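**Q** See final_15.csv below, with CSV, C-alpha atoms.
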```
chain,number,residue,atom,x,y,z
A,130,MET,CA,-33.0,33.0,-110.5
A,131,ASN,CA,-30.2,35.3,-111.7
A,132,LYS,CA,-27.5,36.7,-109.4
A,133,LYS,CA,-29.1,40.1,-109.0
A,134,ASN,CA,-32.4,38.6,-107.9
A,135,GLU,CA,-30.5,36.3,-105.5
A,136,GLU,CA,-28.7,39.2,-103.9
A,137,ASN,CA,-32.0,41.1,-103.6
A,138,ARG,CA,-33.7,38.1,-102.0
A,139,PHE,CA,-30.7,37.6,-99.6
A,140,ASN,CA,-30.8,41.3,-98.5
A,141,ARG,CA,-34.5,41.4,-98.0
A,142,ILE,CA,-34.5,38.3,-95.8
A,143,TYR,CA,-31.4,39.3,-93.9
A,144,LYS,CA,-32.7,42.8,-93.1
A,145,LYS,CA,-36.1,41.5,-92.1
A,146,ILE,CA,-34.7,38.9,-89.6
A,147,ARG,CA,-32.1,41.4,-88.3
A,148,GLU,CA,-34.8,44.0,-87.7
A,149,GLU,CA,-36.9,41.5,-85.8
A,150,ILE,CA,-34.0,40.5,-83.6
A,151,CYS,CA,-33.3,44.2,-82.8
A,152,LEU,CA,-37.0,44.9,-82.1
A,153,LEU,CA,-37.0,41.9,-79.8
A,154,HIS,CA,-39.6,40.0,-81.8
A,155,PHE,CA,-36.9,37.4,-81.5
A,156,PRO,CA,-35.7,37.9,-77.9
A,157,PRO,CA,-32.2,36.8,-76.7
A,158,GLY,CA,-32.2,33.0,-76.3
A,159,THR,CA,-34.7,32.4,-79.1
A,160,VAL,CA,-33.9,29.4,-81.3
A,161,LEU,CA,-34.6,30.4,-84.9
A,162,ASN,CA,-36.5,27.6,-86.6
A,163,GLU,CA,-35.0,27.2,-90.0
A,164,SER,CA,-37.9,25.3,-91.4
A,165,GLU,CA,-40.4,27.9,-90.2
A,166,LEU,CA,-38.3,30.8,-91.6
A,167,ALA,CA,-37.8,29.0,-94.9
A,168,LYS,CA,-41.6,28.5,-95.2
A,169,ARG,CA,-42.3,32.1,-94.2
A,170,PHE,CA,-40.0,33.5,-96.9
A,171,LYS,CA,-41.0,30.8,-99.4
A,172,ILE,CA,-37.5,29.5,-99.9
A,173,SER,CA,-35.6,26.3,-99.2
A,174,ARG,CA,-33.3,26.1,-96.1
A,175,THR,CA,-30.2,26.3,-98.4
A,176,PRO,CA,-30.5,30.0,-99.3
A,177,LEU,CA,-31.4,30.8,-95.7
A,178,ARG,CA,-28.2,29.6,-94.3
A,179,PRO,CA,-25.9,32.3,-95.7
A,180,VAL,CA,-28.3,34.8,-94.1
A,181,LEU,CA,-27.9,33.2,-90.7
A,182,GLN,CA,-24.1,33.0,-91.2
A,183,LYS,CA,-24.0,36.8,-91.8
A,184,LEU,CA,-26.1,37.4,-88.6
A,185,LYS,CA,-23.6,35.2,-86.7
A,186,PHE,CA,-20.7,37.2,-88.1
A,187,GLU,CA,-22.4,40.4,-86.8
A,188,GLY,CA,-22.8,38.9,-83.3
A,189,LEU,CA,-26.6,38.7,-83.4
A,190,VAL,CA,-26.9,34.9,-83.4
A,191,THR,CA,-24.8,31.9,-82.5
A,192,ILE,CA,-25.0,28.6,-84.3
A,193,LYS,CA,-24.6,25.5,-82.2
A,194,ASN,CA,-24.5,21.9,-83.5
A,195,GLY,CA,-27.5,19.9,-82.3
A,196,VAL,CA,-29.3,23.1,-81.1
A,197,GLY,CA,-29.6,25.4,-84.0
A,198,THR,CA,-29.4,29.2,-84.5
A,199,ILE,CA,-29.8,31.1,-81.2
A,200,VAL,CA,-30.3,34.8,-80.8
A,201,THR,CA,-27.4,36.1,-78.7
A,202,GLY,CA,-27.8,37.8,-75.3
A,203,ILE,CA,-27.3,41.5,-74.8
A,204,ASP,CA,-23.8,42.2,-73.6
A,205,MET,CA,-23.8,45.4,-71.5
A,206,LYS,CA,-20.0,45.2,-71.1
A,207,GLU,CA,-19.4,46.1,-74.8
A,208,LEU,CA,-22.1,48.8,-74.9
A,209,LYS,CA,-19.8,51.8,-74.1
A,210,ASP,CA,-17.0,50.5,-76.3
A,211,ILE,CA,-19.3,50.2,-79.3
A,212,TYR,CA,-20.9,53.7,-78.7
A,213,ASP,CA,-17.4,55.2,-78.4
A,214,ILE,CA,-16.4,53.6,-81.7
A,215,ARG,CA,-19.6,54.7,-83.4
A,216,MET,CA,-19.0,58.3,-82.2
A,217,MET,CA,-15.5,58.2,-83.5
A,218,LEU,CA,-16.5,56.9,-86.9
A,219,ILE,CA,-19.5,59.3,-87.4
A,220,GLY,CA,-17.3,62.2,-86.4
A,221,SER,CA,-15.2,61.4,-89.6
A,222,ILE,CA,-18.1,61.0,-91.9
A,223,ASP,CA,-17.2,64.1,-93.9
A,224,LYS,CA,-13.8,62.4,-94.8
A,225,PHE,CA,-15.6,59.4,-96.3
A,226,SER,CA,-18.6,61.0,-97.9
A,227,THR,CA,-19.5,62.0,-101.4
A,228,ASN,CA,-20.8,65.2,-99.8
A,229,ASN,CA,-23.4,65.0,-102.5
A,230,ILE,CA,-26.6,65.5,-100.6
A,231,GLN,CA,-29.6,65.0,-102.8
A,232,PRO,CA,-33.2,66.5,-102.4
A,233,TYR,CA,-34.5,63.0,-101.5
A,234,HIS,CA,-32.3,63.0,-98.4
A,235,LEU,CA,-34.0,66.1,-97.1
A,236,LYS,CA,-37.4,64.8,-98.1
A,237,GLU,CA,-36.9,61.5,-96.3
A,238,VAL,CA,-35.7,63.2,-93.1
A,239,ASN,CA,-38.7,65.5,-93.2
A,240,LYS,CA,-41.0,62.5,-93.5
A,241,ILE,CA,-39.3,61.0,-90.4
A,242,ILE,CA,-39.8,64.3,-88.5
A,243,GLN,CA,-43.5,64.4,-89.3
A,244,LYS,CA,-43.9,60.8,-88.2
A,245,ALA,CA,-41.9,61.3,-85.0
A,246,LYS,CA,-44.1,64.2,-84.0
A,247,LEU,CA,-47.1,61.8,-84.0
A,248,LEU,CA,-45.3,59.6,-81.4
A,249,TYR,CA,-46.1,62.1,-78.6
A,250,LYS,CA,-49.6,60.7,-78.6
A,251,ASP,CA,-49.0,57.3,-80.3
A,252,LYS,CA,-46.6,55.9,-77.7
A,253,ASN,CA,-45.5,53.1,-80.0
A,254,ALA,CA,-41.9,51.9,-79.3
A,255,VAL,CA,-41.7,49.8,-82.4
A,256,LYS,CA,-42.7,52.7,-84.6
A,257,TYR,CA,-40.1,54.8,-82.9
A,258,ALA,CA,-37.4,52.1,-83.4
A,259,ILE,CA,-38.3,51.8,-87.1
A,260,LEU,CA,-37.9,55.6,-87.5
A,261,CYS,CA,-34.5,55.4,-85.9
A,262,ASN,CA,-33.6,52.7,-88.4
A,263,ASP,CA,-34.8,54.8,-91.3
A,264,LEU,CA,-32.6,57.7,-90.1
A,265,GLU,CA,-29.6,55.3,-89.9
A,266,ASP,CA,-30.3,54.3,-93.6
A,267,ILE,CA,-30.2,57.9,-94.7
A,268,ILE,CA,-26.9,58.5,-93.0
A,269,LEU,CA,-25.4,55.3,-94.4
A,270,SER,CA,-26.4,56.4,-97.9
A,271,LEU,CA,-24.2,59.4,-97.5
A,272,ILE,CA,-21.1,57.3,-96.7
A,273,SER,CA,-19.1,56.6,-99.9
A,274,SER,CA,-16.6,54.3,-98.3
A,275,ASP,CA,-17.8,50.7,-98.4
A,276,PRO,CA,-15.8,49.5,-95.4
A,277,LEU,CA,-17.0,52.5,-93.2
A,278,ARG,CA,-20.6,52.0,-94.3
A,279,GLU,CA,-20.4,48.3,-93.5
A,280,ILE,CA,-18.8,48.8,-90.1
A,281,THR,CA,-21.2,51.6,-89.2
A,282,ASP,CA,-24.2,49.4,-90.2
A,283,ILE,CA,-23.0,46.4,-88.2
A,284,LEU,CA,-22.3,48.5,-85.0
A,285,TYR,CA,-25.6,50.2,-85.2
A,286,TYR,CA,-27.6,47.0,-85.1
A,287,ARG,CA,-25.2,45.4,-82.6
A,288,VAL,CA,-26.5,47.8,-79.9
A,289,ALA,CA,-29.9,48.9,-81.3
A,290,ARG,CA,-31.8,46.4,-79.3
A,291,ILE,CA,-30.0,47.4,-76.1
A,292,TRP,CA,-31.5,50.9,-76.4
A,293,PHE,CA,-34.9,49.4,-77.2
A,294,THR,CA,-34.9,47.4,-74.0
A,295,PHE,CA,-34.4,50.6,-72.0
A,296,LEU,CA,-37.3,52.4,-73.6
A,297,PRO,CA,-40.1,51.2,-71.2
A,298,ASN,CA,-38.1,52.7,-68.4
A,299,MET,CA,-37.5,56.1,-70.0
A,300,ASN,CA,-39.7,59.2,-70.0
A,301,TRP,CA,-41.4,58.9,-73.4
A,302,ASN,CA,-41.8,62.6,-74.1
A,303,TYR,CA,-38.1,63.1,-73.3
A,304,VAL,CA,-37.1,60.4,-75.7
A,305,ILE,CA,-39.1,61.9,-78.5
A,306,ASN,CA,-37.8,65.4,-77.7
A,307,ILE,CA,-34.2,64.1,-78.0
A,308,PHE,CA,-35.0,62.3,-81.2
A,309,LEU,CA,-36.6,65.3,-82.8
A,310,LYS,CA,-33.7,67.5,-81.7
A,311,GLU,CA,-31.4,65.2,-83.6
A,312,LEU,CA,-33.7,65.1,-86.6
A,313,ASN,CA,-33.9,68.9,-86.7
A,314,ASP,CA,-30.1,69.2,-86.5
A,315,VAL,CA,-29.7,66.6,-89.3
A,316,GLU,CA,-32.3,68.4,-91.4
A,317,GLU,CA,-30.4,71.7,-90.9
A,318,ALA,CA,-27.1,70.1,-91.9
A,319,LEU,CA,-28.7,68.7,-95.1
A,320,LYS,CA,-30.2,72.0,-96.0
A,321,LYS,CA,-26.7,73.5,-95.8
A,322,ASN,CA,-25.1,70.6,-97.6
A,323,ASN,CA,-22.8,70.2,-94.6
A,324,VAL,CA,-22.0,66.5,-94.0
A,325,LYS,CA,-19.5,67.5,-91.2
A,326,LYS,CA,-22.3,69.2,-89.3
A,327,LEU,CA,-24.5,66.2,-89.8
A,328,GLY,CA,-21.8,63.9,-88.3
A,329,PHE,CA,-21.5,66.3,-85.4
A,330,ALA,CA,-25.3,66.2,-84.8
A,331,ARG,CA,-25.3,62.4,-84.9
A,332,LYS,CA,-22.3,62.2,-82.6
A,333,ASN,CA,-24.1,64.4,-80.0
A,334,ALA,CA,-27.2,62.2,-80.2
A,335,LEU,CA,-25.2,59.0,-79.6
A,336,GLN,CA,-23.5,60.6,-76.6
A,337,ASN,CA,-27.0,61.5,-75.2
A,338,VAL,CA,-28.2,57.9,-75.6
A,339,LEU,CA,-25.1,56.6,-73.9
A,340,ASP,CA,-25.4,59.1,-71.0
A,341,ASP,CA,-29.1,58.2,-70.5
A,342,ILE,CA,-28.4,54.4,-70.4
A,343,SER,CA,-25.4,55.0,-68.1
A,344,ARG,CA,-27.6,57.0,-65.7
A,345,PHE,CA,-30.3,54.4,-65.7
A,346,ILE,CA,-27.8,51.6,-65.0
A,347,ALA,CA,-26.2,53.6,-62.1
A,348,LYS,CA,-29.7,54.0,-60.5
A,349,SER,CA,-30.5,50.3,-60.8
```
Could you express the structure from this file as C-alpha cells?
**A**
Amino acid sequence: MNKKNEENRFNRIYKKIREEICLLHFPPGTVLNESELAKRFKISRTPLRPVLQKLKFEGLVTIKNGVGTIVTGIDMKELKDIYDIRMMLIGSIDKFSTNNIQPYHLKEVNKIIQKAKLLYKDKNAVKYAILCNDLEDIILSLISSDPLREITDILYYRVARIWFTFLPNMNWNYVINIFLKELNDVEEALKKNNVKKLGFARKNALQNVLDDISRFIAKS
C-alpha cells in the first residue's frame, strides 16, 4: 500500500471511530477492543494504533497498560473554556480564510438545510448530530490556515458529545429552529461571499448552545 492510500485509510478509520465516540456509540468508560476494531476495518492492529494515539492526543480516549484504550469521560468543567476559545477562533475566520467561497459550499449547505427541515417530524438525534458535523466540515474547508483548521476541528469534537448528551432534555423543535437559523445565516453569508459574516453567524450559534447548556445545568 502506497503512502497516499495509507493516509486515506488512516483518516477514514480515525474519523469513523471519532464520530462514534461523539455520537455515544462508544459511551464514556467503554474499552475499545483493538482486535474487534481491526477485524471490523479489515486491518491488523499495527495500523490501528496510530489512530488510537491520535484520539488520545485529542482527549477522546486514554490508553492504560493492562486495561487498553478507554473512552474518556465528559468534563463539564472545561466546557465553557472550550466554547469561549471556539468563539474567539471562529470570530477570526476571515483573517485565516482564502475567502474563496465556491458554488459547492452553497450547494452543500442547502442540502443540510433541506435535511434539517425533515427533522421536525423525524426526531432523530443521530441524524441531527451528523448534519452538525457536515456543517463543521464545510466551515473547516474555508479555513486556509492548517494550524487553525486543526485546532478548530479538535475543539469541535472535544465537546460535540456533551451537546449530544443534552439533546434528550431539550425541546426538539427549539433545537431544530436554532440550527436552521444558523444554517440560513451561513447560507446568506456564502451567497454574499462574506466569510466574516459566516464567522459571526457561527459565533452566535455557539453562544446559543453554551447558554442553553448553562441554563439546563442551573436548573438541575
**Q** At what distance in Å, to one decimal, does atom CA of Asp275 of chain A lie from atom CA of Thr175 of chain A?
**A**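 These atoms are spaced 27.4 Å apart.
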**Q** Point out the residue among A:Pro276, A:Gly197, A:Gly188, A:Pro179 with the least atom-to-atom distance to Glu163 of chain A, counting all atoms listed in the file.
**A**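 Closest to Glu163 of chain A of all the choices is A:Gly197.
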**Q** Out of A:Leu312, A:Ile219, A:Asn302, A:Tyr212, which residue has the shortest atom-to-atom distance to Lys244 of chain A when counting all atoms listed in the file?
**A**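 Closest residue, counting all atoms listed in the file: A:Leu312.
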**Q** Find the residues near Thr201 of chain A: any atom within 9 Å, counting all atoms listed in the file, skip ones fewer than 6 places away on the same chain, and give them as JSON, numbers by chain.
**A** {"A": [156, 157, 158, 159, 185, 188, 189, 190, 191]}
**Q** If we count only C-alpha atoms, what is near segment 220-235 of chain A at a cut-off of 10 Å, once residues fewer than 2 positions away on the same chain are taken out, given as a PyMOL selection string?
**A** chain A and resi 214-218+237-241+264+267-278+315-333
**Q** Keeping only C-alpha atoms, write the selected residues to a file as a PDB file, in the coordinates of the input.
**A**
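What follows is the written file out-v1.pdb:
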```pdb
ATOM      1  CA  ILE A 214     -16.400  53.600 -81.700  1.00  0.00           C
ATOM      2  CA  ARG A 215     -19.600  54.700 -83.400  1.00  0.00           C
ATOM      3  CA  MET A 216     -19.000  58.300 -82.200  1.00  0.00           C
ATOM      4  CA  MET A 217     -15.500  58.200 -83.500  1.00  0.00           C
ATOM      5  CA  LEU A 218     -16.500  56.900 -86.900  1.00  0.00           C
ATOM      6  CA  GLU A 237     -36.900  61.500 -96.300  1.00  0.00           C
ATOM      7  CA  VAL A 238     -35.700  63.200 -93.100  1.00  0.00           C
ATOM      8  CA  ASN A 239     -38.700  65.500 -93.200  1.00  0.00           C
ATOM      9  CA  LYS A 240     -41.000  62.500 -93.500  1.00  0.00           C
ATOM     10  CA  ILE A 241     -39.300  61.000 -90.400  1.00  0.00           C
ATOM     11  CA  LEU A 264     -32.600  57.700 -90.100  1.00  0.00           C
ATOM     12  CA  ILE A 267     -30.200  57.900 -94.700  1.00  0.00           C
ATOM     13  CA  ILE A 268     -26.900  58.500 -93.000  1.00  0.00           C
ATOM     14  CA  LEU A 269     -25.400  55.300 -94.400  1.00  0.00           C
ATOM     15  CA  SER A 270     -26.400  56.400 -97.900  1.00  0.00           C
ATOM     16  CA  LEU A 271     -24.200  59.400 -97.500  1.00  0.00           C
ATOM     17  CA  ILE A 272     -21.100  57.300 -96.700  1.00  0.00           C
ATOM     18  CA  SER A 273     -19.100  56.600 -99.900  1.00  0.00           C
ATOM     19  CA  SER A 274     -16.600  54.300 -98.300  1.00  0.00           C
ATOM     20  CA  ASP A 275     -17.800  50.700 -98.400  1.00  0.00           C
ATOM     21  CA  PRO A 276     -15.800  49.500 -95.400  1.00  0.00           C
ATOM     22  CA  LEU A 277     -17.000  52.500 -93.200  1.00  0.00           C
ATOM     23  CA  ARG A 278     -20.600  52.000 -94.300  1.00  0.00           C
ATOM     24  CA  VAL A 315     -29.700  66.600 -89.300  1.00  0.00           C
ATOM     25  CA  GLU A 316     -32.300  68.400 -91.400  1.00  0.00           C
ATOM     26  CA  GLU A 317     -30.400  71.700 -90.900  1.00  0.00           C
ATOM     27  CA  ALA A 318     -27.100  70.100 -91.900  1.00  0.00           C
ATOM     28  CA  LEU A 319     -28.700  68.700 -95.100  1.00  0.00           C
ATOM     29  CA  LYS A 320     -30.200  72.000 -96.000  1.00  0.00           C
ATOM     30  CA  LYS A 321     -26.700  73.500 -95.800  1.00  0.00           C
ATOM     31  CA  ASN A 322     -25.100  70.600 -97.600  1.00  0.00           C
ATOM     32  CA  ASN A 323     -22.800  70.200 -94.600  1.00  0.00           C
ATOM     33  CA  VAL A 324     -22.000  66.500 -94.000  1.00  0.00           C
ATOM     34  CA  LYS A 325     -19.500  67.500 -91.200  1.00  0.00           C
ATOM     35  CA  LYS A 326     -22.300  69.200 -89.300  1.00  0.00           C
ATOM     36  CA  LEU A 327     -24.500  66.200 -89.800  1.00  0.00           C
ATOM     37  CA  GLY A 328     -21.800  63.900 -88.300  1.00  0.00           C
ATOM     38  CA  PHE A 329     -21.500  66.300 -85.400  1.00  0.00           C
ATOM     39  CA  ALA A 330     -25.300  66.200 -84.800  1.00  0.00           C
ATOM     40  CA  ARG A 331     -25.300  62.400 -84.900  1.00  0.00           C
ATOM     41  CA  LYS A 332     -22.300  62.200 -82.600  1.00  0.00           C
ATOM     42  CA  ASN A 333     -24.100  64.400 -80.000  1.00  0.00           C
TER      43      ASN A 333
END
```
**Q** Looking at all atoms listed in the file, which of A:Leu177, A:Lys348, A:Asn162, A:Ile211 is the one that sits closest to Val196 of chain A?
**A**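 When distances to Val196 of chain A are compared using all atoms listed in the file, the smallest one comes from A:Asn162.
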**Q** Extract, using all atoms listed in the file, all DNA, RNA and protein residues at most 10 Å from Tyr286 of chain A, discarding same-chain residues fewer than 3 positions from it, and format them as a ChimeraX atom specification.
**A** /A:147-148,150-151,187-189,262,265,281-283,289-291
**Q** I'd like the contact shell of Ala254 of chain A - 10 Å cut-off, all atoms listed in the file, skipping same-chain residues fewer than 6 positions apart - returned as a PDB file with C-alpha atoms, in the frame of the given file.
**A**
```pdb
ATOM      1  CA  LEU A 152     -37.000  44.900 -82.100  1.00  0.00           C
ATOM      2  CA  LEU A 248     -45.300  59.600 -81.400  1.00  0.00           C
ATOM      3  CA  LEU A 260     -37.900  55.600 -87.500  1.00  0.00           C
ATOM      4  CA  PHE A 293     -34.900  49.400 -77.200  1.00  0.00           C
ATOM      5  CA  THR A 294     -34.900  47.400 -74.000  1.00  0.00           C
ATOM      6  CA  LEU A 296     -37.300  52.400 -73.600  1.00  0.00           C
ATOM      7  CA  PRO A 297     -40.100  51.200 -71.200  1.00  0.00           C
ATOM      8  CA  TRP A 301     -41.400  58.900 -73.400  1.00  0.00           C
TER       9      TRP A 301
END
```
**Q** Looking at all atoms listed in the file, which of A:Tyr285, A:Ile192, A:Leu309, A:Phe295 is the one that sits closest to Tyr249 of chain A?
**A**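 Of the candidates, the smallest distance to Tyr249 of chain A is held by A:Leu309.
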**Q** Interatomic distance between atom CA of Leu166 of chain A and atom CA of Lys145 of chain A?
**A** 10.9 Å
**Q** So how many Å separate atom CA of Arg169 of chain A and atom CA of Val200 of chain A, to one decimal?
**A**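 Spanning atom CA of Arg169 of chain A to atom CA of Val200 of chain A is a straight-line distance of 18.2 Å.
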**Q** Between A:Asn137, A:Lys250, A:Arg178, A:Ala258, which is the closest to Ser164 of chain A once you count only C-alpha atoms?
**A**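 Nearest candidate to Ser164 of chain A out of A:Asn137, A:Lys250, A:Arg178, A:Ala258: A:Arg178.
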**Q** Between A:Ala167, A:Arg344, A:Glu279, A:Leu184, which has the minimum distance to Lys144 of chain A (counting all atoms listed in the file)?
**A**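 Once distances to Lys144 of chain A are computed over all atoms listed in the file, the minimum belongs to A:Leu184.
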**Q** Take segment 158-174 of chain A, model N, CA, C and O atoms, and hand the result over as a CSV table (one decimal), in the coordinates of the input.
**A**
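Generated file (part18.csv):
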```csv
chain,number,residue,atom,x,y,z
A,158,GLY,N,-31.9,34.4,-76.7
A,158,GLY,CA,-32.2,33.0,-76.3
A,158,GLY,C,-33.1,32.3,-77.2
A,158,GLY,O,-33.3,31.0,-77.1
A,159,THR,N,-33.8,33.0,-78.1
A,159,THR,CA,-34.7,32.4,-79.1
A,159,THR,C,-34.0,31.5,-80.0
A,159,THR,O,-33.0,31.9,-80.6
A,160,VAL,N,-34.5,30.3,-80.2
A,160,VAL,CA,-33.9,29.4,-81.3
A,160,VAL,C,-34.7,29.7,-82.6
A,160,VAL,O,-35.9,29.5,-82.6
A,161,LEU,N,-34.0,30.1,-83.6
A,161,LEU,CA,-34.6,30.4,-84.9
A,161,LEU,C,-34.9,29.1,-85.6
A,161,LEU,O,-33.9,28.4,-85.9
A,162,ASN,N,-36.1,28.8,-85.9
A,162,ASN,CA,-36.5,27.6,-86.6
A,162,ASN,C,-36.3,27.8,-88.1
A,162,ASN,O,-37.0,28.5,-88.7
A,163,GLU,N,-35.3,27.1,-88.6
A,163,GLU,CA,-35.0,27.2,-90.0
A,163,GLU,C,-36.1,26.8,-90.9
A,163,GLU,O,-36.4,27.5,-91.9
A,164,SER,N,-36.8,25.8,-90.6
A,164,SER,CA,-37.9,25.3,-91.4
A,164,SER,C,-39.0,26.3,-91.4
A,164,SER,O,-39.6,26.6,-92.5
A,165,GLU,N,-39.3,26.9,-90.3
A,165,GLU,CA,-40.4,27.9,-90.2
A,165,GLU,C,-40.0,29.2,-91.0
A,165,GLU,O,-40.8,29.8,-91.7
A,166,LEU,N,-38.7,29.6,-90.9
A,166,LEU,CA,-38.3,30.8,-91.6
A,166,LEU,C,-38.3,30.5,-93.1
A,166,LEU,O,-38.7,31.4,-93.9
A,167,ALA,N,-37.9,29.4,-93.5
A,167,ALA,CA,-37.8,29.0,-94.9
A,167,ALA,C,-39.3,29.1,-95.5
A,167,ALA,O,-39.5,29.6,-96.6
A,168,LYS,N,-40.2,28.5,-94.7
A,168,LYS,CA,-41.6,28.5,-95.2
A,168,LYS,C,-42.1,29.9,-95.2
A,168,LYS,O,-42.9,30.3,-96.2
A,169,ARG,N,-41.8,30.7,-94.2
A,169,ARG,CA,-42.3,32.1,-94.2
A,169,ARG,C,-41.8,32.9,-95.4
A,169,ARG,O,-42.6,33.7,-96.0
A,170,PHE,N,-40.5,32.7,-95.8
A,170,PHE,CA,-40.0,33.5,-96.9
A,170,PHE,C,-40.1,32.8,-98.2
A,170,PHE,O,-39.6,33.3,-99.2
A,171,LYS,N,-40.7,31.6,-98.2
A,171,LYS,CA,-41.0,30.8,-99.4
A,171,LYS,C,-39.7,30.5,-100.1
A,171,LYS,O,-39.6,30.7,-101.4
A,172,ILE,N,-38.8,30.0,-99.4
A,172,ILE,CA,-37.5,29.5,-99.9
A,172,ILE,C,-37.2,28.2,-99.3
A,172,ILE,O,-37.8,27.7,-98.3
A,173,SER,N,-36.1,27.5,-99.8
A,173,SER,CA,-35.6,26.3,-99.2
A,173,SER,C,-34.7,26.7,-98.0
A,173,SER,O,-34.3,27.9,-97.9
A,174,ARG,N,-34.2,25.8,-97.2
A,174,ARG,CA,-33.3,26.1,-96.1
A,174,ARG,C,-31.9,26.5,-96.7
A,174,ARG,O,-31.2,27.2,-96.0
```
